[in-house]
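These notes concern the structure reproduced below.
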Amino acid sequence: MSEASVFEQIRYEEPAEGVARIMLARADIRNAQNKQMLYEMDRALNVAMHDDAVKVVIIGADGPHFSSGHHLKDRSRIGDYGPPIMGVGGYRRPGQEGHMAMEQEIFIGFCWRWRNMPKPTIAQVQGKAIAGGLMLVWPFDLIVAAEDAQFSDPVIAFGVNGHEYFVHAWEVGHRKAKEMLFTGDAISAQEGKELGMVNHVVPNAELTDFTLDLARKIAKQPPFGLKLAKLAVNQSLDAQGMYNAIHSAFGLHHLGHANSRILYEMGVDPTGAEKIEKEAREQIASGKAARKEAAGKG
Ligand code: ZN
């Protein structure tokens with residue numbers, strides 16, 4: 001894969017015949033998504049889609065956590081990592097306009113683009129996938145979760161409705177969607193399976209091999225059949241209004257951002273940002289303590 005050397009935030013691997021694997025490779029920052037990572041992900045998915053030898057793509061992550069969400073301190077701008085993809089424009093306009101354009105490009109734009117890519121995709125998730133982290137899970141076709149996986153979207157604390165790719169009601173059902181948003185609490189791997197969001201729950205040590213076996217099995221199928229099946233299921237969701245619902249929720253999301261801009265002169269409620277960062281720090285500290293204890297026992 002000639003482009004592999006140009007990736008810094010991810011790795012592009014070919015672990016088996018017919019299978020590509022894209023790994024988030026920033027465990028040092030819990031795979032928080034900066035713009036560079038999202039553009040690299042988009043480019044890597046393009047490579048996989050354009051390579052006829054690749055039939056299935058796995059999306060995974062290094063380290064104990066899949067992704068902690070948007071990198072809130074990322075100050076890079078659209079255009080820093082190559083030309084914009086979605087043709088939105090206006091990224092540097094003042095007011096809510098530039099902010100909305102940025103999120104149309106790299107969040108809702110990328111997620112919808114990835115969701116509609118023709119080859120089967122499988123997310124393999126361990127540890128936490130928080131808020132924007134779900135945008136690297138939900139656009140993909142299948143989800144294999146390690147036993148310790150947790151899925152959450154606590155961004156009501158920021159003063160918005162949820163993260164930008166608003167498919168919560170499709171993923172976990174409308175009642176659980178409301179509960180996960182209202183409380184900010186995480187859905188466990190097992191609960192995710194019971195809700196139909198997660199395909200398989202496996203021990204952490206087996207996550208990589210199990211997902212690869214599943215990908216190998218799918219890779220034996222004829223690619224055109226796979227493409228048609230994926231299109232057919234996606235179109236069933238589209239017939240229910242999925243695209244329109246996502247974009248309607250995105251409008252509400254930007255009402256939330258705009259309201260914070262008026263109240264706090266920034267796009268999110270700062271007390272919410274503090275709350276979420278504090279909780280994340282506490283969770284990481286307790287996770288480290290638990291791992292230390294487990295290592296001591298071992
Ligand atoms: Zn936003």
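Simple scheme: letters A, B, ... for chains in structure tokens order, numbers from 1 for residues in each chain, numbers from 1 for ligands in the order shown.
Contacts with ligand 1 are defined as any residue atom within 8 Å of a ligand atom, using only C-alpha atoms and all ligand atoms; the residues meeting this criterion are His99, Met100, Glu103, Val160, His163, Glu164, His253, His254, His257 and Gly267 of chain A.
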Output file for the selection above: N, CA, C and O atoms, as a short mmCIF file (atom, residue, chain, number, x, y, z; two decimals), in the first residue's frame:
```
data_model
loop_
_atom_site.label_atom_id
_atom_site.label_comp_id
_atom_site.auth_asym_id
_atom_site.auth_seq_id
_atom_site.Cartn_x
_atom_site.Cartn_y
_atom_site.Cartn_z
N HIS A 99 -18.49 27.57 11.40
CA HIS A 99 -18.56 26.41 12.29
C HIS A 99 -19.45 25.32 11.66
O HIS A 99 -19.10 24.14 11.61
N MET A 100 -20.59 25.76 11.17
CA MET A 100 -21.52 24.80 10.54
C MET A 100 -20.87 24.17 9.30
O MET A 100 -20.97 22.96 9.08
N GLU A 103 -18.42 21.48 10.29
CA GLU A 103 -19.06 20.24 10.74
C GLU A 103 -19.80 19.54 9.60
O GLU A 103 -19.93 18.31 9.60
N VAL A 160 -25.87 20.93 23.43
CA VAL A 160 -26.36 20.48 22.11
C VAL A 160 -27.14 19.18 22.28
O VAL A 160 -27.15 18.57 23.35
N HIS A 163 -24.07 14.20 19.44
CA HIS A 163 -23.02 14.44 18.45
C HIS A 163 -23.65 14.60 17.06
O HIS A 163 -24.83 14.34 16.86
N GLU A 164 -22.81 15.01 16.11
CA GLU A 164 -23.34 15.55 14.86
C GLU A 164 -24.02 14.52 13.95
O GLU A 164 -24.93 14.86 13.21
N HIS A 253 -28.67 20.83 16.29
CA HIS A 253 -27.32 20.84 16.86
C HIS A 253 -26.70 22.23 16.71
O HIS A 253 -26.10 22.76 17.65
N HIS A 254 -26.90 22.84 15.56
CA HIS A 254 -26.30 24.17 15.34
C HIS A 254 -27.10 25.29 15.99
O HIS A 254 -26.54 26.35 16.29
N HIS A 257 -25.29 25.12 19.29
CA HIS A 257 -23.98 25.81 19.20
C HIS A 257 -24.18 27.34 19.15
O HIS A 257 -23.46 28.09 19.81
N GLY A 267 -18.72 28.06 21.21
CA GLY A 267 -19.73 27.18 20.61
C GLY A 267 -20.39 26.18 21.54
O GLY A 267 -21.39 25.57 21.19
#
```
Under the rule of at most 12 Å, produce a per-residue listing of range 110-193 of chain A near range 13-21 of chain A: chain, number, name, the closest pair of atoms, and the distance in Å, as a tab-separated table, using only C-alpha atoms.
```
residue	atom	partner	partner_atom	distance
A:Lys119	CA	A:Val19	CA	10.6
A:Pro120	CA	A:Val19	CA	10.1
A:Thr121	CA	A:Arg21	CA	9.5
A:Ile122	CA	A:Arg21	CA	9.2
A:Ala123	CA	A:Arg21	CA	9.7
A:Gln124	CA	A:Arg21	CA	10.1
```
Selected residues written out, C-alpha atoms, as a short mmCIF file (atom, residue, chain, number, x, y, z; two decimals), in the first residue's frame:
```cif
data_model
loop_
_atom_site.label_atom_id
_atom_site.label_comp_id
_atom_site.auth_asym_id
_atom_site.auth_seq_id
_atom_site.Cartn_x
_atom_site.Cartn_y
_atom_site.Cartn_z
CA LYS A 119 -17.83 -2.43 0.49
CA PRO A 120 -18.72 -4.01 3.84
CA THR A 121 -17.08 -2.31 6.81
CA ILE A 122 -16.66 -3.66 10.35
CA ALA A 123 -15.88 -1.56 13.43
CA GLN A 124 -14.01 -3.42 16.20
#
```
If we count only C-alpha atoms and set the cut-off at 12 Å, which residues sit around Trp112 in chain A, ignoring sequence neighbours fewer than 5 positions away in its own chain? Please answer as a PDB file with N, CA and C atoms, in the first residue's frame.
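So selection_31.pdb came out as:
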```pdb
ATOM      1  N   ASP A  42     -10.565   9.238   5.893  1.00  0.00           N
ATOM      2  CA  ASP A  42     -11.293   9.370   4.631  1.00  0.00           C
ATOM      3  C   ASP A  42     -10.430   8.880   3.457  1.00  0.00           C
ATOM      4  N   MET A  86     -16.211  17.539   0.674  1.00  0.00           N
ATOM      5  CA  MET A  86     -17.662  17.537   0.511  1.00  0.00           C
ATOM      6  C   MET A  86     -18.203  18.735  -0.283  1.00  0.00           C
ATOM      7  N   GLN A 104     -20.269  20.310   8.620  1.00  0.00           N
ATOM      8  CA  GLN A 104     -20.876  19.676   7.435  1.00  0.00           C
ATOM      9  C   GLN A 104     -19.831  18.881   6.669  1.00  0.00           C
ATOM     10  N   GLU A 105     -18.611  19.408   6.648  1.00  0.00           N
ATOM     11  CA  GLU A 105     -17.541  18.736   5.922  1.00  0.00           C
ATOM     12  C   GLU A 105     -17.073  17.479   6.661  1.00  0.00           C
ATOM     13  N   ILE A 106     -16.539  17.648   7.884  1.00  0.00           N
ATOM     14  CA  ILE A 106     -15.791  16.532   8.480  1.00  0.00           C
ATOM     15  C   ILE A 106     -16.631  15.641   9.387  1.00  0.00           C
ATOM     16  N   PHE A 107     -17.803  16.090   9.801  1.00  0.00           N
ATOM     17  CA  PHE A 107     -18.607  15.231  10.671  1.00  0.00           C
ATOM     18  C   PHE A 107     -19.764  14.608   9.892  1.00  0.00           C
ATOM     19  N   MET A 117     -20.253   4.024   1.452  1.00  0.00           N
ATOM     20  CA  MET A 117     -19.207   3.381   0.649  1.00  0.00           C
ATOM     21  C   MET A 117     -19.618   1.936   0.361  1.00  0.00           C
ATOM     22  N   MET A 135     -18.808   8.451  15.886  1.00  0.00           N
ATOM     23  CA  MET A 135     -18.809   8.761  14.450  1.00  0.00           C
ATOM     24  C   MET A 135     -17.779   7.946  13.688  1.00  0.00           C
ATOM     25  N   LEU A 136     -16.933   7.205  14.420  1.00  0.00           N
ATOM     26  CA  LEU A 136     -16.029   6.261  13.762  1.00  0.00           C
ATOM     27  C   LEU A 136     -16.497   4.826  13.986  1.00  0.00           C
ATOM     28  N   TRP A 138     -20.552   4.130  14.190  1.00  0.00           N
ATOM     29  CA  TRP A 138     -21.906   4.002  13.651  1.00  0.00           C
ATOM     30  C   TRP A 138     -22.017   4.085  12.127  1.00  0.00           C
ATOM     31  N   PRO A 139     -21.139   4.804  11.421  1.00  0.00           N
ATOM     32  CA  PRO A 139     -21.303   4.793   9.962  1.00  0.00           C
ATOM     33  C   PRO A 139     -20.971   3.432   9.326  1.00  0.00           C
ATOM     34  N   PHE A 140     -20.360   2.541  10.095  1.00  0.00           N
ATOM     35  CA  PHE A 140     -19.895   1.292   9.498  1.00  0.00           C
ATOM     36  C   PHE A 140     -20.936   0.187   9.676  1.00  0.00           C
ATOM     37  N   GLU A 164     -22.814  15.007  16.113  1.00  0.00           N
ATOM     38  CA  GLU A 164     -23.337  15.549  14.857  1.00  0.00           C
ATOM     39  C   GLU A 164     -24.019  14.515  13.946  1.00  0.00           C
ATOM     40  N   TYR A 165     -23.550  13.272  13.988  1.00  0.00           N
ATOM     41  CA  TYR A 165     -24.147  12.227  13.128  1.00  0.00           C
ATOM     42  C   TYR A 165     -25.288  11.588  13.925  1.00  0.00           C
ATOM     43  N   PHE A 166     -26.458  12.183  13.859  1.00  0.00           N
ATOM     44  CA  PHE A 166     -27.530  11.871  14.805  1.00  0.00           C
ATOM     45  C   PHE A 166     -28.382  10.684  14.319  1.00  0.00           C
ATOM     46  N   VAL A 167     -27.839   9.491  14.540  1.00  0.00           N
ATOM     47  CA  VAL A 167     -28.568   8.268  14.159  1.00  0.00           C
ATOM     48  C   VAL A 167     -28.935   7.441  15.393  1.00  0.00           C
ATOM     49  N   ASN A 234     -29.200  -0.247   3.272  1.00  0.00           N
ATOM     50  CA  ASN A 234     -29.119   1.210   3.450  1.00  0.00           C
ATOM     51  C   ASN A 234     -30.353   1.901   2.881  1.00  0.00           C
ATOM     52  N   ASP A 238     -33.024   4.474   4.335  1.00  0.00           N
ATOM     53  CA  ASP A 238     -33.294   5.752   3.658  1.00  0.00           C
ATOM     54  C   ASP A 238     -34.798   5.926   3.423  1.00  0.00           C
ATOM     55  N   MET A 242     -34.025   8.267   7.030  1.00  0.00           N
ATOM     56  CA  MET A 242     -32.803   8.431   7.826  1.00  0.00           C
ATOM     57  C   MET A 242     -32.025   9.696   7.443  1.00  0.00           C
ATOM     58  N   TYR A 243     -31.833   9.917   6.165  1.00  0.00           N
ATOM     59  CA  TYR A 243     -31.039  11.079   5.715  1.00  0.00           C
ATOM     60  C   TYR A 243     -31.677  12.386   6.190  1.00  0.00           C
ATOM     61  N   ASN A 244     -32.977  12.507   5.987  1.00  0.00           N
ATOM     62  CA  ASN A 244     -33.654  13.748   6.376  1.00  0.00           C
ATOM     63  C   ASN A 244     -33.625  13.953   7.888  1.00  0.00           C
ATOM     64  N   ILE A 246     -31.341  12.887  10.006  1.00  0.00           N
ATOM     65  CA  ILE A 246     -29.983  13.289  10.413  1.00  0.00           C
ATOM     66  C   ILE A 246     -29.792  14.793  10.177  1.00  0.00           C
ATOM     67  N   HIS A 247     -30.243  15.257   9.026  1.00  0.00           N
ATOM     68  CA  HIS A 247     -30.025  16.667   8.699  1.00  0.00           C
ATOM     69  C   HIS A 247     -30.925  17.597   9.504  1.00  0.00           C
TER      70      HIS A 247
END
```
Point-to-point distance from CA of Val6 in chain A to CA of Arg77 in chain A, Å rounded to tenths: 18.9 Å
DSSP alpha helix (DSSP H) selection over range 14-135 of chain A, as an MDAnalysis selection string: chainID A and resid 35:50 95:103 110:115
With N, CA and C atoms retained, write the just-selected residues as a PDB file, in the first residue's frame.
```
ATOM      1  N   LYS A  35      -8.524  16.887  13.059  1.00  0.00           N
ATOM      2  CA  LYS A  35      -8.911  16.942  11.635  1.00  0.00           C
ATOM      3  C   LYS A  35      -7.996  16.063  10.801  1.00  0.00           C
ATOM      4  N   GLN A  36      -6.727  16.041  11.167  1.00  0.00           N
ATOM      5  CA  GLN A  36      -5.790  15.218  10.396  1.00  0.00           C
ATOM      6  C   GLN A  36      -6.230  13.748  10.408  1.00  0.00           C
ATOM      7  N   MET A  37      -6.640  13.243  11.583  1.00  0.00           N
ATOM      8  CA  MET A  37      -7.077  11.848  11.662  1.00  0.00           C
ATOM      9  C   MET A  37      -8.294  11.597  10.759  1.00  0.00           C
ATOM     10  N   LEU A  38      -9.232  12.527  10.772  1.00  0.00           N
ATOM     11  CA  LEU A  38     -10.449  12.320   9.972  1.00  0.00           C
ATOM     12  C   LEU A  38     -10.133  12.342   8.475  1.00  0.00           C
ATOM     13  N   TYR A  39      -9.250  13.251   8.043  1.00  0.00           N
ATOM     14  CA  TYR A  39      -8.865  13.276   6.629  1.00  0.00           C
ATOM     15  C   TYR A  39      -8.073  12.024   6.249  1.00  0.00           C
ATOM     16  N   GLU A  40      -7.237  11.547   7.179  1.00  0.00           N
ATOM     17  CA  GLU A  40      -6.493  10.316   6.886  1.00  0.00           C
ATOM     18  C   GLU A  40      -7.455   9.125   6.793  1.00  0.00           C
ATOM     19  N   MET A  41      -8.430   9.094   7.686  1.00  0.00           N
ATOM     20  CA  MET A  41      -9.435   8.022   7.636  1.00  0.00           C
ATOM     21  C   MET A  41     -10.179   8.051   6.304  1.00  0.00           C
ATOM     22  N   ASP A  42     -10.565   9.238   5.893  1.00  0.00           N
ATOM     23  CA  ASP A  42     -11.293   9.370   4.631  1.00  0.00           C
ATOM     24  C   ASP A  42     -10.430   8.880   3.457  1.00  0.00           C
ATOM     25  N   ARG A  43      -9.165   9.264   3.493  1.00  0.00           N
ATOM     26  CA  ARG A  43      -8.259   8.873   2.399  1.00  0.00           C
ATOM     27  C   ARG A  43      -8.016   7.368   2.411  1.00  0.00           C
ATOM     28  N   ALA A  44      -7.848   6.805   3.599  1.00  0.00           N
ATOM     29  CA  ALA A  44      -7.609   5.359   3.709  1.00  0.00           C
ATOM     30  C   ALA A  44      -8.826   4.565   3.229  1.00  0.00           C
ATOM     31  N   LEU A  45     -10.007   5.041   3.575  1.00  0.00           N
ATOM     32  CA  LEU A  45     -11.221   4.353   3.095  1.00  0.00           C
ATOM     33  C   LEU A  45     -11.305   4.421   1.576  1.00  0.00           C
ATOM     34  N   ASN A  46     -10.900   5.553   1.016  1.00  0.00           N
ATOM     35  CA  ASN A  46     -10.863   5.675  -0.446  1.00  0.00           C
ATOM     36  C   ASN A  46      -9.918   4.651  -1.059  1.00  0.00           C
ATOM     37  N   VAL A  47      -8.735   4.518  -0.442  1.00  0.00           N
ATOM     38  CA  VAL A  47      -7.754   3.547  -0.946  1.00  0.00           C
ATOM     39  C   VAL A  47      -8.376   2.155  -0.962  1.00  0.00           C
ATOM     40  N   ALA A  48      -9.024   1.804   0.149  1.00  0.00           N
ATOM     41  CA  ALA A  48      -9.633   0.471   0.257  1.00  0.00           C
ATOM     42  C   ALA A  48     -10.754   0.285  -0.769  1.00  0.00           C
ATOM     43  N   MET A  49     -11.543   1.330  -0.985  1.00  0.00           N
ATOM     44  CA  MET A  49     -12.666   1.206  -1.919  1.00  0.00           C
ATOM     45  C   MET A  49     -12.169   1.079  -3.363  1.00  0.00           C
ATOM     46  N   HIS A  50     -11.055   1.754  -3.654  1.00  0.00           N
ATOM     47  CA  HIS A  50     -10.563   1.752  -5.043  1.00  0.00           C
ATOM     48  C   HIS A  50      -9.684   0.554  -5.357  1.00  0.00           C
ATOM     49  N   GLY A  95     -19.024  33.963  12.597  1.00  0.00           N
ATOM     50  CA  GLY A  95     -20.329  33.594  13.134  1.00  0.00           C
ATOM     51  C   GLY A  95     -20.524  32.093  13.118  1.00  0.00           C
ATOM     52  N   GLN A  96     -21.777  31.658  13.109  1.00  0.00           N
ATOM     53  CA  GLN A  96     -22.075  30.222  13.105  1.00  0.00           C
ATOM     54  C   GLN A  96     -21.799  29.600  11.742  1.00  0.00           C
ATOM     55  N   GLU A  97     -21.701  30.467  10.727  1.00  0.00           N
ATOM     56  CA  GLU A  97     -21.597  29.969   9.348  1.00  0.00           C
ATOM     57  C   GLU A  97     -20.369  29.078   9.131  1.00  0.00           C
ATOM     58  N   GLY A  98     -19.196  29.566   9.572  1.00  0.00           N
ATOM     59  CA  GLY A  98     -17.970  28.787   9.374  1.00  0.00           C
ATOM     60  C   GLY A  98     -17.977  27.495  10.180  1.00  0.00           C
ATOM     61  N   HIS A  99     -18.492  27.574  11.405  1.00  0.00           N
ATOM     62  CA  HIS A  99     -18.564  26.406  12.289  1.00  0.00           C
ATOM     63  C   HIS A  99     -19.452  25.319  11.661  1.00  0.00           C
ATOM     64  N   MET A 100     -20.594  25.756  11.165  1.00  0.00           N
ATOM     65  CA  MET A 100     -21.516  24.803  10.536  1.00  0.00           C
ATOM     66  C   MET A 100     -20.874  24.172   9.296  1.00  0.00           C
ATOM     67  N   ALA A 101     -20.191  25.000   8.496  1.00  0.00           N
ATOM     68  CA  ALA A 101     -19.555  24.475   7.281  1.00  0.00           C
ATOM     69  C   ALA A 101     -18.505  23.428   7.640  1.00  0.00           C
ATOM     70  N   MET A 102     -17.716  23.709   8.694  1.00  0.00           N
ATOM     71  CA  MET A 102     -16.682  22.757   9.126  1.00  0.00           C
ATOM     72  C   MET A 102     -17.327  21.426   9.514  1.00  0.00           C
ATOM     73  N   GLU A 103     -18.423  21.483  10.287  1.00  0.00           N
ATOM     74  CA  GLU A 103     -19.061  20.243  10.736  1.00  0.00           C
ATOM     75  C   GLU A 103     -19.804  19.537   9.596  1.00  0.00           C
ATOM     76  N   PHE A 110     -18.566  13.493   6.199  1.00  0.00           N
ATOM     77  CA  PHE A 110     -17.736  12.279   6.161  1.00  0.00           C
ATOM     78  C   PHE A 110     -18.537  11.051   6.597  1.00  0.00           C
ATOM     79  N   CYS A 111     -19.294  11.191   7.696  1.00  0.00           N
ATOM     80  CA  CYS A 111     -20.023  10.020   8.212  1.00  0.00           C
ATOM     81  C   CYS A 111     -20.984   9.468   7.169  1.00  0.00           C
ATOM     82  N   TRP A 112     -21.701  10.351   6.498  1.00  0.00           N
ATOM     83  CA  TRP A 112     -22.679   9.885   5.509  1.00  0.00           C
ATOM     84  C   TRP A 112     -21.963   9.278   4.300  1.00  0.00           C
ATOM     85  N   ARG A 113     -20.835   9.888   3.932  1.00  0.00           N
ATOM     86  CA  ARG A 113     -20.035   9.375   2.820  1.00  0.00           C
ATOM     87  C   ARG A 113     -19.514   7.968   3.149  1.00  0.00           C
ATOM     88  N   TRP A 114     -18.993   7.808   4.378  1.00  0.00           N
ATOM     89  CA  TRP A 114     -18.447   6.503   4.773  1.00  0.00           C
ATOM     90  C   TRP A 114     -19.564   5.470   4.868  1.00  0.00           C
ATOM     91  N   ARG A 115     -20.696   5.869   5.376  1.00  0.00           N
ATOM     92  CA  ARG A 115     -21.835   4.964   5.512  1.00  0.00           C
ATOM     93  C   ARG A 115     -22.255   4.419   4.152  1.00  0.00           C
TER      94      ARG A 115
END
```
Counting only C-alpha atoms, the residue of A:Asp62, A:Pro222, A:Glu265, A:Arg92 that sits nearest Ser76 in chain A: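 Of all the options, A:Arg92 lies closest to Ser76 in chain A.
Of note, CA of Lys128 in chain A and CA of Ser67 in chain A are spaced 6.3 Å apart.
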Between CA of Phe151 in chain A and CA of Pro84 in chain A, distance in Å (one decimal):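 Interatomic distance here is 29.1 Å.
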Residue among A:Pro154, A:Gly196, A:Gly159, A:Gly241 lying closest to Thr183 in chain A, counting only C-alpha atoms: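 Ranked by minimum distance to Thr183 in chain A, first place goes to A:Pro154.
Counting only C-alpha atoms and comparing A:Ala215, A:Ala157, A:Leu181, A:Leu263, the residue that lies closest to Glu279 in chain A is A:Ala157.
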Asn34 in chain A surroundings by only C-alpha atoms, 7 Å radius, close-in-sequence under 6 positions cut, as a ChimeraX atom specification: /A:70-71,74
The selected residues should be written to file as a short mmCIF file (atom, residue, chain, number, x, y, z; two decimals), in the first residue's frame (atoms: N, CA and C atoms).
```cif
data_model
loop_
_atom_site.label_atom_id
_atom_site.label_comp_id
_atom_site.auth_asym_id
_atom_site.auth_seq_id
_atom_site.Cartn_x
_atom_site.Cartn_y
_atom_site.Cartn_z
N HIS A 70 -14.10 14.06 19.73
CA HIS A 70 -13.39 15.16 19.08
C HIS A 70 -12.20 15.59 19.93
N HIS A 71 -11.13 15.97 19.26
CA HIS A 71 -9.98 16.55 19.96
C HIS A 71 -10.30 18.03 20.18
N ASP A 74 -7.85 20.81 19.14
CA ASP A 74 -7.36 20.85 17.75
C ASP A 74 -7.65 22.23 17.16
#
```
Close residues, Ala146 in chain A itself excluded, 7 Å, only C-alpha atoms, min 3 positions apart in chain, as a PyMOL selection string: chain A and resi 125-126+149+189+201-204+207
Could the residues in this selection be written to a file with all heavy atoms, as a PDB file, in the first residue's frame?
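Result file follows (out02.pdb):
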```pdb
ATOM      1  N   VAL A 125     -14.440  -2.594  18.423  1.00  0.00           N
ATOM      2  CA  VAL A 125     -14.403  -1.551  19.464  1.00  0.00           C
ATOM      3  C   VAL A 125     -14.041  -2.133  20.819  1.00  0.00           C
ATOM      4  O   VAL A 125     -14.685  -3.078  21.288  1.00  0.00           O
ATOM      5  CB  VAL A 125     -15.794  -0.867  19.575  1.00  0.00           C
ATOM      6  CG1 VAL A 125     -15.747   0.251  20.617  1.00  0.00           C
ATOM      7  CG2 VAL A 125     -16.238  -0.332  18.227  1.00  0.00           C
ATOM      8  N   GLN A 126     -13.016  -1.557  21.447  1.00  0.00           N
ATOM      9  CA  GLN A 126     -12.700  -1.875  22.836  1.00  0.00           C
ATOM     10  C   GLN A 126     -12.714  -0.579  23.646  1.00  0.00           C
ATOM     11  O   GLN A 126     -12.517   0.497  23.090  1.00  0.00           O
ATOM     12  CB  GLN A 126     -11.324  -2.558  22.952  1.00  0.00           C
ATOM     13  CG  GLN A 126     -10.118  -1.636  22.847  1.00  0.00           C
ATOM     14  CD  GLN A 126      -9.774  -1.238  21.416  1.00  0.00           C
ATOM     15  OE1 GLN A 126     -10.546  -1.473  20.503  1.00  0.00           O
ATOM     16  NE2 GLN A 126      -8.621  -0.601  21.227  1.00  0.00           N
ATOM     17  N   ALA A 149     -16.267  -2.775  26.090  1.00  0.00           N
ATOM     18  CA  ALA A 149     -16.629  -1.613  25.260  1.00  0.00           C
ATOM     19  C   ALA A 149     -17.798  -0.852  25.888  1.00  0.00           C
ATOM     20  O   ALA A 149     -18.706  -1.437  26.477  1.00  0.00           O
ATOM     21  CB  ALA A 149     -17.001  -2.063  23.848  1.00  0.00           C
ATOM     22  N   ALA A 189     -21.265  -3.115  26.091  1.00  0.00           N
ATOM     23  CA  ALA A 189     -21.218  -3.984  24.912  1.00  0.00           C
ATOM     24  C   ALA A 189     -22.411  -4.932  24.895  1.00  0.00           C
ATOM     25  O   ALA A 189     -23.094  -5.095  23.875  1.00  0.00           O
ATOM     26  CB  ALA A 189     -19.909  -4.769  24.912  1.00  0.00           C
ATOM     27  N   VAL A 201     -20.297  -9.713  20.918  1.00  0.00           N
ATOM     28  CA  VAL A 201     -19.468  -9.314  22.059  1.00  0.00           C
ATOM     29  C   VAL A 201     -18.470 -10.438  22.307  1.00  0.00           C
ATOM     30  O   VAL A 201     -18.863 -11.608  22.402  1.00  0.00           O
ATOM     31  CB  VAL A 201     -20.325  -9.103  23.334  1.00  0.00           C
ATOM     32  CG1 VAL A 201     -19.431  -8.674  24.500  1.00  0.00           C
ATOM     33  CG2 VAL A 201     -21.418  -8.075  23.087  1.00  0.00           C
ATOM     34  N   VAL A 202     -17.198 -10.093  22.389  1.00  0.00           N
ATOM     35  CA  VAL A 202     -16.161 -11.115  22.563  1.00  0.00           C
ATOM     36  C   VAL A 202     -15.176 -10.663  23.639  1.00  0.00           C
ATOM     37  O   VAL A 202     -15.054  -9.458  23.906  1.00  0.00           O
ATOM     38  CB  VAL A 202     -15.393 -11.361  21.229  1.00  0.00           C
ATOM     39  CG1 VAL A 202     -16.337 -11.868  20.153  1.00  0.00           C
ATOM     40  CG2 VAL A 202     -14.679 -10.106  20.748  1.00  0.00           C
ATOM     41  N   PRO A 203     -14.470 -11.617  24.262  1.00  0.00           N
ATOM     42  CA  PRO A 203     -13.432 -11.201  25.227  1.00  0.00           C
ATOM     43  C   PRO A 203     -12.407 -10.282  24.555  1.00  0.00           C
ATOM     44  O   PRO A 203     -12.113 -10.456  23.362  1.00  0.00           O
ATOM     45  CB  PRO A 203     -12.782 -12.533  25.636  1.00  0.00           C
ATOM     46  CG  PRO A 203     -13.835 -13.560  25.373  1.00  0.00           C
ATOM     47  CD  PRO A 203     -14.586 -13.076  24.164  1.00  0.00           C
ATOM     48  N   ASN A 204     -11.868  -9.339  25.319  1.00  0.00           N
ATOM     49  CA  ASN A 204     -10.922  -8.368  24.732  1.00  0.00           C
ATOM     50  C   ASN A 204      -9.782  -9.049  23.981  1.00  0.00           C
ATOM     51  O   ASN A 204      -9.385  -8.600  22.905  1.00  0.00           O
ATOM     52  CB  ASN A 204     -10.347  -7.469  25.833  1.00  0.00           C
ATOM     53  CG  ASN A 204     -11.319  -6.377  26.220  1.00  0.00           C
ATOM     54  OD1 ASN A 204     -12.434  -6.664  26.656  1.00  0.00           O
ATOM     55  ND2 ASN A 204     -10.929  -5.138  26.038  1.00  0.00           N
ATOM     56  N   LEU A 207     -10.707  -9.983  20.391  1.00  0.00           N
ATOM     57  CA  LEU A 207     -11.357  -8.989  19.511  1.00  0.00           C
ATOM     58  C   LEU A 207     -10.751  -8.979  18.098  1.00  0.00           C
ATOM     59  O   LEU A 207     -11.465  -9.039  17.093  1.00  0.00           O
ATOM     60  CB  LEU A 207     -11.255  -7.593  20.144  1.00  0.00           C
ATOM     61  CG  LEU A 207     -11.894  -6.453  19.333  1.00  0.00           C
ATOM     62  CD1 LEU A 207     -13.414  -6.622  19.251  1.00  0.00           C
ATOM     63  CD2 LEU A 207     -11.550  -5.095  19.962  1.00  0.00           C
TER      64      LEU A 207
END
```
Selected residue, from A:Glu194, A:Phe158, A:Arg281, A:Gly133, that lies nearest to Tyr264 in chain A when counting only C-alpha atoms: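 So, comparing all the options, the nearest one is A:Phe158.
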All strand (DSSP E or B) positions in range 62-127 of chain A, as a VMD selection string: chain A and resid 67 70 121 to 125
Dump as a CSV table (one decimal), in the first residue's frame, selection limited to C-alpha atoms:
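The resulting file, out-v8.csv, is reproduced below:
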```csv
chain,number,residue,atom,x,y,z
A,67,SER,CA,-11.9,6.9,20.8
A,70,HIS,CA,-13.4,15.2,19.1
A,121,THR,CA,-17.1,-2.3,6.8
A,122,ILE,CA,-16.7,-3.7,10.4
A,123,ALA,CA,-15.9,-1.6,13.4
A,124,GLN,CA,-14.0,-3.4,16.2
A,125,VAL,CA,-14.4,-1.6,19.5
```
